[in-house]
$ cat data-v2.txt   # compact mmCIF, C-alpha atoms (C1' of nucleotides)
# COMPACT_ATOMS: atom_id res chain seq x y z
CA MET Y 1 -12.71 -30.95 21.96
CA GLY Y 2 -13.15 -27.40 20.69
CA ASP Y 3 -15.53 -26.68 17.87
CA GLY Y 4 -14.01 -26.38 14.43
CA GLN Y 5 -16.46 -23.72 13.27
CA ALA Y 6 -15.66 -21.61 16.29
CA THR Y 7 -11.97 -21.76 15.47
CA ARG Y 8 -12.72 -20.87 11.88
CA ARG Y 9 -14.71 -17.88 13.09
CA ARG Y 10 -11.89 -16.70 15.38
CA LEU Y 11 -9.43 -17.08 12.53
CA LEU Y 12 -11.61 -14.99 10.22
CA ASP Y 13 -11.98 -12.29 12.84
CA ALA Y 14 -8.28 -12.21 13.60
CA ALA Y 15 -7.47 -12.20 9.89
CA THR Y 16 -9.85 -9.32 9.30
CA ALA Y 17 -8.05 -7.20 11.86
CA GLU Y 18 -4.62 -8.24 10.61
CA PHE Y 19 -5.34 -7.67 6.91
CA ALA Y 20 -7.11 -4.38 7.60
CA ARG Y 21 -4.08 -3.13 9.45
CA TYR Y 22 -1.16 -4.53 7.46
CA GLY Y 23 -2.55 -5.49 4.05
CA ILE Y 24 -1.88 -8.78 2.33
CA ALA Y 25 1.90 -8.55 1.97
CA GLY Y 26 2.30 -7.05 5.43
CA ALA Y 27 0.04 -9.49 7.26
CA ARG Y 28 1.74 -12.25 9.24
CA VAL Y 29 0.20 -15.69 9.35
CA ASP Y 30 1.73 -16.45 12.74
CA ARG Y 31 0.29 -13.28 14.18
CA ILE Y 32 -3.18 -14.20 12.92
CA ALA Y 33 -2.94 -17.69 14.43
CA ALA Y 34 -1.72 -16.35 17.76
CA SER Y 35 -4.34 -13.62 17.93
CA ALA Y 36 -7.05 -16.19 17.14
CA GLN Y 37 -5.69 -18.48 19.84
CA ALA Y 38 -5.33 -21.14 17.20
CA ASN Y 39 -2.56 -22.91 15.42
CA LYS Y 40 -1.08 -21.89 12.13
CA ALA Y 41 -1.87 -25.28 10.63
CA GLN Y 42 -5.58 -24.59 11.15
CA ILE Y 43 -5.36 -21.68 8.78
CA TYR Y 44 -4.08 -23.96 6.06
CA ALA Y 45 -6.64 -26.63 6.90
CA TRP Y 46 -9.51 -24.16 6.54
CA PHE Y 47 -8.26 -21.69 3.94
CA SER Y 48 -5.43 -23.41 2.02
CA SER Y 49 -3.20 -20.35 1.86
CA LYS Y 50 -2.66 -16.82 3.05
CA ASP Y 51 -4.30 -15.58 -0.12
CA GLY Y 52 -7.19 -17.97 0.37
CA LEU Y 53 -7.65 -16.54 3.85
CA PHE Y 54 -7.72 -13.01 2.47
CA ASP Y 55 -10.26 -14.08 -0.13
CA ALA Y 56 -12.48 -15.53 2.60
CA VAL Y 57 -12.20 -12.36 4.64
CA PHE Y 58 -12.87 -10.19 1.60
CA VAL Y 59 -15.95 -12.03 0.31
CA GLU Y 60 -17.35 -12.09 3.83
CA HIS Y 61 -17.03 -8.31 3.90
CA LEU Y 62 -18.24 -7.81 0.35
CA SER Y 63 -21.84 -7.49 1.41
CA LEU Y 64 -20.73 -4.95 4.00
CA ILE Y 65 -18.61 -3.03 1.53
CA VAL Y 66 -21.53 -2.84 -0.83
CA ASP Y 67 -24.37 -2.58 1.65
CA LEU Y 68 -22.90 -1.37 4.91
CA VAL Y 69 -25.48 1.34 4.47
CA PRO Y 70 -28.49 0.70 2.24
CA LEU Y 71 -28.53 3.11 -0.67
CA ASP Y 72 -31.31 5.65 -0.57
CA ALA Y 73 -31.27 7.25 -4.00
CA THR Y 74 -33.99 9.68 -2.95
CA ASP Y 75 -31.73 11.09 -0.22
CA LEU Y 76 -28.15 11.00 -1.39
CA PRO Y 77 -26.96 13.58 1.18
CA GLY Y 78 -28.32 11.48 4.02
CA TYR Y 79 -26.81 8.36 2.46
CA ALA Y 80 -23.40 10.02 2.27
CA VAL Y 81 -23.54 11.10 5.89
CA ARG Y 82 -24.55 7.61 7.01
CA LEU Y 83 -21.59 6.27 5.07
CA TYR Y 84 -19.28 8.76 6.80
CA ASP Y 85 -20.46 7.46 10.16
CA ALA Y 86 -20.28 3.84 9.04
CA TYR Y 87 -16.67 4.26 7.93
CA LEU Y 88 -15.89 5.81 11.29
CA ASP Y 89 -17.48 2.87 13.03
CA ARG Y 90 -16.12 0.13 10.75
CA PRO Y 91 -12.82 1.30 9.30
CA GLU Y 92 -11.86 -2.30 8.40
CA VAL Y 93 -14.41 -2.22 5.62
CA VAL Y 94 -12.72 0.70 3.89
CA LEU Y 95 -9.27 -0.65 4.59
CA LEU Y 96 -9.97 -4.13 3.23
CA ALA Y 97 -11.45 -2.68 0.07
CA THR Y 98 -8.48 -0.38 -0.41
CA TRP Y 99 -5.92 -3.10 0.20
CA ALA Y 100 -7.75 -5.31 -2.28
CA ARG Y 101 -7.61 -2.51 -4.82
CA LEU Y 102 -3.92 -1.84 -4.33
CA GLU Y 103 -2.70 -5.40 -4.00
CA ARG Y 104 -5.13 -7.28 -6.18
CA VAL Y 105 -7.10 -5.25 -8.72
CA PRO Y 106 -5.01 -2.36 -10.06
CA THR Y 107 -7.62 -1.17 -12.57
CA GLY Y 108 -11.24 -1.63 -13.49
CA ASP Y 109 -14.20 -2.51 -11.33
CA LEU Y 110 -13.19 -3.62 -7.84
CA LEU Y 111 -16.60 -5.00 -7.00
CA ALA Y 112 -17.10 -6.95 -10.22
CA VAL Y 113 -17.73 -10.10 -8.14
CA ALA Y 114 -20.76 -8.35 -6.65
CA ALA Y 115 -21.89 -6.93 -9.97
CA ASP Y 116 -25.52 -7.86 -9.34
CA ASP Y 117 -25.83 -5.89 -6.11
CA VAL Y 118 -24.09 -2.89 -7.61
CA ALA Y 119 -26.31 -3.05 -10.70
CA ALA Y 120 -29.38 -2.93 -8.43
CA LYS Y 121 -28.04 0.23 -6.81
CA LEU Y 122 -27.37 1.87 -10.14
CA ALA Y 123 -30.90 1.04 -11.21
CA ARG Y 124 -32.26 2.84 -8.18
CA ILE Y 125 -30.12 5.87 -8.94
CA SER Y 126 -31.44 5.79 -12.47
CA GLU Y 127 -35.02 5.72 -11.18
CA ALA Y 128 -34.33 8.67 -8.92
CA GLN Y 129 -32.97 10.55 -11.91
CA GLN Y 130 -36.10 9.84 -13.94
CA ALA Y 131 -38.23 10.86 -10.96
CA GLY Y 132 -36.49 14.23 -10.99
CA LEU Y 133 -34.84 13.73 -7.62
CA VAL Y 134 -31.27 13.48 -8.94
CA ASP Y 135 -29.53 15.39 -11.70
CA PRO Y 136 -30.13 13.21 -14.79
CA ALA Y 137 -27.00 14.36 -16.64
CA PRO Y 138 -24.32 12.10 -15.13
CA ALA Y 139 -24.38 8.33 -15.66
CA PRO Y 140 -25.64 6.41 -12.60
CA ALA Y 141 -22.27 4.66 -12.27
CA ASP Y 142 -20.52 8.04 -12.12
CA VAL Y 143 -22.98 9.37 -9.56
CA TYR Y 144 -22.34 6.30 -7.45
CA SER Y 145 -18.54 6.59 -7.72
CA MET Y 146 -18.65 10.25 -6.79
CA VAL Y 147 -20.97 9.83 -3.82
CA ILE Y 148 -18.77 7.05 -2.46
CA ALA Y 149 -15.66 9.15 -3.10
CA LEU Y 150 -17.15 12.11 -1.26
CA SER Y 151 -18.21 9.97 1.67
CA MET Y 152 -14.66 8.69 1.88
CA ALA Y 153 -13.10 12.14 1.89
CA TRP Y 154 -12.03 11.59 5.52
CA SER Y 155 -11.83 7.80 5.47
CA PRO Y 156 -8.81 5.80 6.66
CA ALA Y 157 -7.70 5.72 3.03
CA SER Y 158 -7.92 9.47 2.46
CA VAL Y 159 -4.82 11.17 1.11
CA THR Y 160 -5.65 14.35 3.02
CA VAL Y 161 -7.07 13.92 6.52
CA ALA Y 162 -8.24 10.62 8.00
CA ALA Y 163 -10.92 10.99 10.63
CA SER Y 164 -10.73 9.07 13.88
CA THR Y 165 -13.16 8.48 16.70
CA ASP Y 166 -10.85 10.55 18.86
CA ASP Y 167 -11.64 13.67 16.87
CA ASP Y 168 -13.70 16.39 18.49
CA PRO Y 169 -17.42 15.58 17.99
CA ALA Y 170 -17.86 19.12 16.71
CA GLU Y 171 -15.39 18.36 13.97
CA HIS Y 172 -17.38 15.31 12.90
CA GLU Y 173 -20.53 17.37 12.91
CA ARG Y 174 -18.86 20.05 10.79
CA ARG Y 175 -17.83 17.42 8.26
CA ARG Y 176 -21.27 15.82 8.16
CA THR Y 177 -22.85 19.18 7.44
CA ALA Y 178 -20.31 20.04 4.76
CA LEU Y 179 -20.64 16.59 3.20
CA ALA Y 180 -24.44 16.69 3.09
CA ALA Y 181 -24.40 20.17 1.57
CA ALA Y 182 -21.81 19.19 -1.03
CA VAL Y 183 -23.71 16.05 -2.07
CA ARG Y 184 -26.95 18.01 -2.24
CA GLY Y 185 -25.38 20.65 -4.43
CA ALA Y 186 -23.51 18.17 -6.58
CA PHE Y 187 -26.40 15.90 -7.52
CA ALA Y 188 -29.57 17.87 -7.07
CA PRO Y 189 -31.40 18.40 -10.38
CA ARG Y 190 -30.10 21.55 -12.08
CA ALA Y 191 -32.27 24.59 -11.95
CA GLY Y 192 -34.01 25.07 -15.29
CA ALA Y 193 -34.39 21.35 -15.94
CA THR Y 194 -37.80 19.73 -16.14
CA MET F 195 33.79 5.56 -13.43
CA GLY F 196 30.00 5.73 -13.33
CA ASP F 197 28.45 8.73 -11.67
CA GLY F 198 27.12 8.21 -8.18
CA GLN F 199 24.35 10.72 -8.61
CA ALA F 200 23.20 8.96 -11.74
CA THR F 201 22.99 5.69 -9.85
CA ARG F 202 21.08 7.39 -7.07
CA ARG F 203 18.66 8.75 -9.63
CA ARG F 204 18.09 5.34 -11.21
CA LEU F 205 17.54 3.84 -7.77
CA LEU F 206 14.95 6.48 -6.92
CA ASP F 207 13.14 5.94 -10.20
CA ALA F 208 13.15 2.18 -9.83
CA ALA F 209 12.05 2.49 -6.21
CA THR F 210 9.20 4.79 -7.21
CA ALA F 211 7.86 2.21 -9.63
CA GLU F 212 8.35 -0.65 -7.18
CA PHE F 213 6.77 1.10 -4.19
CA ALA F 214 3.88 2.42 -6.28
CA ARG F 215 3.11 -1.10 -7.44
CA TYR F 216 3.77 -3.20 -4.36
CA GLY F 217 3.74 -0.85 -1.39
CA ILE F 218 6.38 -0.80 1.32
CA ALA F 219 5.89 -4.31 2.70
CA GLY F 220 5.46 -5.79 -0.75
CA ALA F 221 8.41 -4.05 -2.40
CA ARG F 222 11.55 -6.11 -2.88
CA VAL F 223 14.93 -4.50 -2.45
CA ASP F 224 16.59 -6.91 -4.87
CA ARG F 225 14.01 -6.12 -7.51
CA ILE F 226 14.67 -2.40 -7.13
CA ALA F 227 18.43 -2.88 -7.43
CA ALA F 228 18.07 -5.10 -10.49
CA SER F 229 15.61 -2.78 -12.18
CA ALA F 230 17.93 0.19 -11.53
CA GLN F 231 20.85 -1.81 -12.94
CA ALA F 232 22.61 -1.17 -9.66
CA ASN F 233 23.73 -3.19 -6.71
CA LYS F 234 21.76 -3.69 -3.56
CA ALA F 235 24.62 -2.32 -1.46
CA GLN F 236 24.20 1.04 -3.20
CA ILE F 237 20.71 1.32 -1.83
CA TYR F 238 22.05 1.03 1.69
CA ALA F 239 24.93 3.39 0.95
CA TRP F 240 22.55 6.08 -0.29
CA PHE F 241 19.42 5.50 1.73
CA SER F 242 20.38 3.45 4.81
CA SER F 243 17.34 1.19 4.73
CA LYS F 244 14.31 0.13 2.77
CA ASP F 245 12.24 2.56 4.81
CA GLY F 246 14.77 5.29 4.21
CA LEU F 247 14.45 4.64 0.50
CA PHE F 248 10.67 4.94 0.70
CA ASP F 249 11.06 8.18 2.64
CA ALA F 250 13.31 9.57 -0.07
CA VAL F 251 10.85 8.54 -2.77
CA PHE F 252 7.94 9.96 -0.83
CA VAL F 253 9.43 13.36 -0.03
CA GLU F 254 10.55 13.68 -3.62
CA HIS F 255 6.95 13.17 -4.67
CA LEU F 256 5.49 15.34 -1.93
CA SER F 257 5.66 18.46 -4.03
CA LEU F 258 3.93 16.54 -6.81
CA ILE F 259 1.29 15.15 -4.50
CA VAL F 260 0.55 18.62 -3.24
CA ASP F 261 1.15 20.58 -6.41
CA LEU F 262 0.87 18.17 -9.30
CA VAL F 263 -1.73 20.65 -10.44
CA PRO F 264 -1.64 24.21 -9.09
CA LEU F 265 -4.78 24.98 -7.13
CA ASP F 266 -7.08 27.48 -8.78
CA ALA F 267 -9.59 28.38 -6.08
CA THR F 268 -11.49 30.55 -8.54
CA ASP F 269 -12.15 27.55 -10.77
CA LEU F 270 -12.54 24.45 -8.64
CA PRO F 271 -14.32 22.45 -11.38
CA GLY F 272 -11.43 23.03 -13.77
CA TYR F 273 -8.98 22.20 -11.00
CA ALA F 274 -10.74 18.90 -10.32
CA VAL F 275 -10.73 17.93 -13.98
CA ARG F 276 -7.04 18.75 -14.29
CA LEU F 277 -6.43 16.52 -11.27
CA TYR F 278 -8.39 13.71 -12.90
CA ASP F 279 -6.13 13.93 -15.93
CA ALA F 280 -3.02 14.23 -13.81
CA TYR F 281 -3.86 11.09 -11.87
CA LEU F 282 -4.42 9.30 -15.14
CA ASP F 283 -1.05 10.45 -16.35
CA ARG F 284 0.86 9.93 -13.09
CA PRO F 285 -0.81 7.15 -11.15
CA GLU F 286 2.32 6.65 -9.00
CA VAL F 287 1.54 9.89 -7.23
CA VAL F 288 -1.82 8.65 -6.00
CA LEU F 289 -0.47 5.21 -5.24
CA LEU F 290 2.49 6.43 -3.21
CA ALA F 291 0.25 8.69 -1.17
CA THR F 292 -2.22 5.89 -0.53
CA TRP F 293 0.47 3.40 0.46
CA ALA F 294 1.92 5.97 2.83
CA ARG F 295 -1.49 6.45 4.36
CA LEU F 296 -2.14 2.73 4.80
CA GLU F 297 1.32 1.63 5.88
CA ARG F 298 2.57 4.69 7.71
CA VAL F 299 -0.02 7.21 8.85
CA PRO F 300 -3.27 5.46 9.86
CA THR F 301 -5.03 8.61 11.04
CA GLY F 302 -4.71 12.38 10.97
CA ASP F 303 -3.09 14.62 8.39
CA LEU F 304 -1.06 12.71 5.81
CA LEU F 305 0.63 15.79 4.45
CA ALA F 306 1.59 17.27 7.81
CA VAL F 307 5.21 17.43 6.63
CA ALA F 308 4.11 19.81 3.89
CA ALA F 309 1.84 21.79 6.18
CA ASP F 310 3.06 25.11 4.81
CA ASP F 311 2.13 24.38 1.21
CA VAL F 312 -1.25 23.03 2.22
CA ALA F 313 -1.90 26.06 4.43
CA ALA F 314 -1.23 28.31 1.44
CA LYS F 315 -3.83 26.42 -0.57
CA LEU F 316 -6.38 26.67 2.20
CA ALA F 317 -5.76 30.40 2.39
CA ARG F 318 -6.55 30.74 -1.28
CA ILE F 319 -9.74 28.77 -0.84
CA SER F 320 -10.65 31.05 2.02
CA GLU F 321 -10.05 34.10 -0.18
CA ALA F 322 -12.25 32.64 -2.89
CA GLN F 323 -14.97 32.11 -0.31
CA GLN F 324 -14.74 35.73 0.82
CA ALA F 325 -14.77 36.87 -2.79
CA GLY F 326 -18.08 35.07 -3.22
CA LEU F 327 -16.66 32.53 -5.67
CA VAL F 328 -16.97 29.52 -3.37
CA ASP F 329 -19.67 28.56 -0.89
CA PRO F 330 -18.47 30.12 2.39
CA ALA F 331 -20.21 27.60 4.64
CA PRO F 332 -17.74 24.70 4.68
CA ALA F 333 -14.28 25.10 6.24
CA PRO F 334 -11.51 25.51 3.65
CA ALA F 335 -9.89 22.27 4.83
CA ASP F 336 -13.13 20.40 4.21
CA VAL F 337 -13.55 21.95 0.78
CA TYR F 338 -10.05 20.86 -0.06
CA SER F 339 -10.56 17.30 1.19
CA MET F 340 -13.78 16.96 -0.74
CA VAL F 341 -12.42 18.34 -4.00
CA ILE F 342 -9.47 15.98 -3.80
CA ALA F 343 -11.78 13.09 -2.92
CA LEU F 344 -14.02 13.84 -5.89
CA SER F 345 -11.07 14.12 -8.26
CA MET F 346 -9.93 10.72 -7.05
CA ALA F 347 -13.30 9.06 -7.59
CA TRP F 348 -11.78 6.99 -10.44
CA SER F 349 -8.16 7.01 -9.24
CA PRO F 350 -6.04 3.86 -8.88
CA ALA F 351 -7.06 3.86 -5.22
CA SER F 352 -10.79 4.07 -5.86
CA VAL F 353 -12.94 1.41 -4.21
CA THR F 354 -15.38 1.52 -7.10
CA VAL F 355 -13.91 1.87 -10.58
CA ALA F 356 -10.28 2.71 -11.31
CA ALA F 357 -9.76 4.49 -14.60
CA SER F 358 -7.00 3.45 -16.96
CA THR F 359 -5.51 4.99 -20.06
CA ASP F 360 -6.96 2.04 -21.97
CA ASP F 361 -10.49 3.24 -21.26
CA ASP F 362 -12.54 4.61 -24.12
CA PRO F 363 -11.75 8.35 -24.53
CA ALA F 364 -15.50 8.99 -24.51
CA GLU F 365 -15.66 7.48 -21.05
CA HIS F 366 -12.96 9.82 -19.80
CA GLU F 367 -14.80 12.75 -21.30
CA ARG F 368 -18.05 11.62 -19.66
CA ARG F 369 -16.31 11.50 -16.28
CA ARG F 370 -14.67 14.90 -16.75
CA THR F 371 -18.02 16.46 -17.53
CA ALA F 372 -19.73 14.76 -14.59
CA LEU F 373 -16.88 15.69 -12.27
CA ALA F 374 -16.85 19.33 -13.28
CA ALA F 375 -20.62 19.59 -12.90
CA ALA F 376 -20.54 17.92 -9.50
CA VAL F 377 -17.77 20.16 -8.18
CA ARG F 378 -19.55 23.21 -9.54
CA GLY F 379 -22.78 22.25 -7.83
CA ALA F 380 -21.10 21.19 -4.63
CA PHE F 381 -19.08 24.32 -3.95
CA ALA F 382 -20.70 27.15 -5.85
CA PRO F 383 -22.09 29.82 -3.52
CA ARG F 384 -25.63 28.88 -2.50
CA ALA F 385 -28.41 30.79 -4.18
CA GLY F 386 -29.79 33.43 -1.84
CA ALA F 387 -26.44 34.14 -0.18
CA THR F 388 -24.81 37.51 -0.62
C1' DC R 389 53.45 12.28 -19.82
C1' DT R 390 53.62 8.64 -16.42
C1' DC R 391 53.07 6.60 -12.29
C1' DC R 392 51.10 6.42 -7.76
C1' DG R 393 47.78 6.73 -4.25
C1' DC R 394 43.29 7.43 -2.87
C1' DA R 395 38.44 7.70 -2.36
C1' DA R 396 34.27 6.82 -4.26
C1' DA R 397 31.59 3.42 -7.02
C1' DC R 398 30.58 -1.10 -7.73
C1' DA R 399 29.86 -6.27 -7.63
C1' DA R 400 28.90 -10.59 -5.58
C1' DA R 401 28.93 -13.69 -2.19
C1' DC R 402 27.29 -14.21 2.25
C1' DC R 403 24.47 -14.11 6.77
C1' DG R 404 20.96 -14.77 10.01
C1' DG R 405 16.37 -14.02 11.11
C1' DT R 406 11.78 -14.42 9.25
C1' DT R 407 7.90 -16.41 6.80
C1' DG R 408 4.58 -19.19 4.41
C1' DG R 409 3.70 -23.70 4.45
C1' DT R 410 4.09 -28.91 6.03
C1' DT R 411 4.27 -33.02 8.81
C1' DA R 412 3.96 -36.28 12.32
C1' DC R 413 1.64 -36.87 16.25
C1' DT R 414 -1.88 -36.40 20.23
C1' DC R 415 -6.31 -36.04 22.07
C1' DA R 416 -11.32 -36.00 22.72
C1' DC R 417 -15.52 -37.84 21.38
C1' DG R 418 -19.16 -40.81 19.24
C1' DC C 419 -11.54 -47.46 17.02
C1' DG C 420 -12.13 -44.05 13.57
C1' DT C 421 -12.49 -39.28 12.63
C1' DG C 422 -11.73 -34.59 12.84
C1' DA C 423 -9.70 -30.82 15.88
C1' DG C 424 -5.60 -29.37 17.75
C1' DT C 425 -0.42 -28.97 18.54
C1' DA C 426 4.45 -28.26 18.14
C1' DA C 427 8.34 -28.95 15.84
C1' DC C 428 10.24 -28.52 11.48
C1' DC C 429 11.72 -26.90 6.75
C1' DA C 430 13.15 -24.59 2.75
C1' DA C 431 12.86 -20.41 0.51
C1' DC C 432 13.14 -15.69 1.00
C1' DC C 433 14.58 -11.14 2.28
C1' DG C 434 16.70 -7.15 4.37
C1' DG C 435 21.08 -6.00 5.34
C1' DT C 436 26.43 -6.61 5.59
C1' DT C 437 31.06 -7.73 4.34
C1' DT C 438 34.81 -8.29 1.49
C1' DG C 439 37.27 -7.54 -2.32
C1' DT C 440 37.69 -5.10 -6.96
C1' DT C 441 37.43 -1.42 -10.33
C1' DT C 442 37.50 3.27 -11.98
C1' DG C 443 38.44 8.09 -12.39
C1' DC C 444 41.42 11.72 -10.88
C1' DG C 445 44.79 14.88 -8.73
C1' DG C 446 49.45 15.38 -7.78
C1' DA C 447 54.49 14.10 -7.61
C1' DG C 448 58.26 13.06 -10.31

$ encode --input "data-v2.txt" --output "structure tokens"
Amino acid sequence: MGDGQATRRRLLDAATAEFARYGIAGARVDRIAASAQANKAQIYAWFSSKDGLFDAVFVEHLSLIVDLVPLDATDLPGYAVRLYDAYLDRPEVVLLATWARLERVPTGDLLAVAADDVAAKLARISEAQQAGLVDPAPAPADVYSMVIALSMAWSPASVTVAASTDDDPAEHERRRTALAAAVRGAFAPRAGAT
Amino acid sequence: MGDGQATRRRLLDAATAEFARYGIAGARVDRIAASAQANKAQIYAWFSSKDGLFDAVFVEHLSLIVDLVPLDATDLPGYAVRLYDAYLDRPEVVLLATWARLERVPTGDLLAVAADDVAAKLARISEAQQAGLVDPAPAPADVYSMVIALSMAWSPASVTVAASTDDDPAEHERRRTALAAAVRGAFAPRAGAT
DNA sequence: CTCCGCAAACAAACCGGTTGGTTACTCACG
DNA sequence: CGTGAGTAACCAACCGGTTTGTTTGCGGAG
């Protein structure tokens, strides 16, 4: 008989696509089961509830959300551009995080469950500030929030324009250039500082 | 007898709160009717459907989404800070826009229906670039997207930290300062340019 | 001023499809 | 034969939407 772990895997994959597209309230358990070529009861056997399934999907993607692209505090512009490309390649990551924000955690730190990983990133930003590679004025947490925000300027959650892989490659290139330049200007050490 | 327009108004207000909090799929028509102290049938008399009600709420907020704060292309840092405060004061605006993006318009231009107003803003950015007040390298549309993205770094839709009015005032002030500095650095004309 | 008729506003019960969740049962394998 | 994977039918609550019947304000006829 079929392998339970394999079914679990298919359910997680199907759920990822479903939640990314429709959110928690909009997702349909039957649709997930069908798309995973499994039975609805399996979902409840493995994940207890629809919310439990979302939790499983979300924690599995947490490491991706946080470390889809390893932070390079010594090259924030390059980091931002790599994030732009990563979001283009893996829109589910942005979507899951945004749905979680809207439907689960209205205020405060969304990634509190991964506080350790985030803290490590902030420490590296702090080091880069002390090394004179990043403007030391803003708090590391604010630098991080702003870099992420800038990288997501054209993400699937943007309130202006959401990029898609169908866009003209030249357009992507234009955005990458603009993004890198903006990040460089925004966080480079100020002239006149030590 | 009660005024129809007044009922319509209460429905729109209640729907705004409901949609901002729960999104389209998560919103409950009964809850809106109850919270507006009206009857469910009125919703269908005035707005035809749940989706029609969301449309009405959204278009009513479109002008706010676009012009909650008038764009001052000659002072982008100040503009960004005013947006930060506006989002703090009117989180529904950000939330409605984000829900619309996630549940309605997965890619492309979210504000295509208000293309004229947006085009006017881009024109003013373009003027500021020609006047040497803004870095002329990036396309006006990209400047706009990035300024909005930066202003929303701590918005209720942020994937890092969402600000709330309960936050320490000093924290808000820290973010305003960091935001203004980042926008200044990101879009000021590059040294060495004319 | 009163009465009547009318249309818009309103209320509540109702309807049928959908949805998250359950159960009773079958099947393959060690 | 026992155990865990898999299935299909089932269920009760829910939810968007409709229907039916009632109330209210108002303009006009008497």

$ residues_around --input "data-v2.txt" --residues "DG445 in chain C" --least-positions-apart "6" --cutoff "12 Å" --atoms "only C-alpha atoms (C1' of nucleotides)" --output "mmCIF file with C-alpha atoms (C1' of nucleotides), keeping the file's coordinate frame"
data_model
loop_
_atom_site.group_PDB
_atom_site.id
_atom_site.type_symbol
_atom_site.label_atom_id
_atom_site.label_comp_id
_atom_site.auth_asym_id
_atom_site.auth_seq_id
_atom_site.Cartn_x
_atom_site.Cartn_y
_atom_site.Cartn_z
ATOM 1 C "C1'" DC R 392 51.100 6.420 -7.760
ATOM 2 C "C1'" DG R 393 47.780 6.730 -4.250
ATOM 3 C "C1'" DC R 394 43.290 7.430 -2.870
ATOM 4 C "C1'" DA R 395 38.440 7.700 -2.360
#

$ interface_residues --input "data-v2.txt" --of "chain Y" --to "chain R" --cutoff "10 Å" --atoms "all atoms listed in the file" --output "list in words"
Met1, Gly2, Arg28, Val29, Asp30, Lys40, Ala41, Tyr44, Ser48, Ser49 and Lys50 of chain Y

$ closest_atom_pairs --input "data-v2.txt" --of "chain Y" --to "chain F" --cutoff "7 Å" --atoms "only C-alpha atoms" --output "tab-separated table"
residue	atom	partner	partner_atom	distance
Y:Tyr22	CA	F:Glu297	CA	6.8
Y:Ala25	CA	F:Gly220	CA	5.3
Y:Gly26	CA	F:Ala219	CA	5.3
Y:Ala97	CA	F:Val353	CA	6.1
Y:Thr98	CA	F:Val353	CA	6.1
Y:Arg101	CA	F:Ala351	CA	6.4
Y:Leu102	CA	F:Ala351	CA	6.6
Y:Glu103	CA	F:Tyr216	CA	6.8
Y:Pro106	CA	F:Pro350	CA	6.4
Y:Thr107	CA	F:Ala356	CA	4.9
Y:Gly108	CA	F:Ala356	CA	5.0
Y:Asp109	CA	F:Val355	CA	4.5
Y:Leu110	CA	F:Thr354	CA	5.6
Y:Leu111	CA	F:Thr354	CA	6.6
Y:Pro138	CA	F:Ala372	CA	5.3
Y:Asp142	CA	F:Arg369	CA	6.9
Y:Ser145	CA	F:Ala347	CA	5.8
Y:Met146	CA	F:Ala347	CA	5.5
Y:Ala149	CA	F:Ala347	CA	5.1
Y:Leu150	CA	F:Ala343	CA	5.7
Y:Ala153	CA	F:Ala343	CA	5.1
Y:Pro156	CA	F:Pro300	CA	6.4
Y:Ala157	CA	F:Arg295	CA	6.4
Y:Val159	CA	F:Ala291	CA	6.1
Y:Thr160	CA	F:Leu304	CA	5.6
Y:Val161	CA	F:Asp303	CA	4.5
Y:Ala162	CA	F:Thr301	CA	4.9
Y:Ala163	CA	F:Thr301	CA	6.4
Y:Ser164	CA	F:Thr301	CA	6.4
Y:Arg175	CA	F:Asp336	CA	6.9
Y:Ala178	CA	F:Pro332	CA	5.3
Y:Ala182	CA	F:Ala380	CA	4.2
Y:Val183	CA	F:Ala380	CA	6.3
Y:Gly185	CA	F:Ala380	CA	4.3
Y:Ala186	CA	F:Ala376	CA	4.2
Y:Phe187	CA	F:Ala376	CA	6.5

$ closest_residue --input "data-v2.txt" --among "C:DT421, C:DA427, C:DG443, C:DC432" --to "chain F" --atoms "only C-alpha atoms (C1' of nucleotides)"
C:DG443

$ atom_distance --input "data-v2.txt" --atom1 "CA of Gly132 in chain Y" --atom2 "CA of Val328 in chain F"
25.9 Å

$ decode --input "data-v2.txt" --residues "range 355-361 of chain F" --atoms "N, CA and C atoms" --output "mmCIF file, in the first residue's frame"
data_model
loop_
_atom_site.group_PDB
_atom_site.id
_atom_site.type_symbol
_atom_site.label_atom_id
_atom_site.label_comp_id
_atom_site.auth_asym_id
_atom_site.auth_seq_id
_atom_site.Cartn_x
_atom_site.Cartn_y
_atom_site.Cartn_z
ATOM 1 N N VAL F 355 7.908 43.530 10.783
ATOM 2 C CA VAL F 355 7.262 44.052 11.983
ATOM 3 C C VAL F 355 6.147 45.016 11.595
ATOM 4 N N ALA F 356 4.956 44.805 12.118
ATOM 5 C CA ALA F 356 3.847 45.717 11.866
ATOM 6 C C ALA F 356 3.701 46.678 13.033
ATOM 7 N N ALA F 357 3.784 47.964 12.731
ATOM 8 C CA ALA F 357 3.672 48.967 13.782
ATOM 9 C C ALA F 357 2.248 49.017 14.311
ATOM 10 N N SER F 358 2.105 49.479 15.550
ATOM 11 C CA SER F 358 0.763 49.716 16.078
ATOM 12 C C SER F 358 0.801 50.991 16.901
ATOM 13 N N THR F 359 -0.364 51.567 17.103
ATOM 14 C CA THR F 359 -0.410 52.818 17.856
ATOM 15 C C THR F 359 0.011 52.606 19.306
ATOM 16 N N ASP F 360 0.042 51.329 19.731
ATOM 17 C CA ASP F 360 0.474 51.047 21.103
ATOM 18 C C ASP F 360 1.987 51.110 21.269
ATOM 19 N N ASP F 361 2.706 51.103 20.129
ATOM 20 C CA ASP F 361 4.160 51.138 20.221
ATOM 21 C C ASP F 361 4.636 52.399 20.938
#
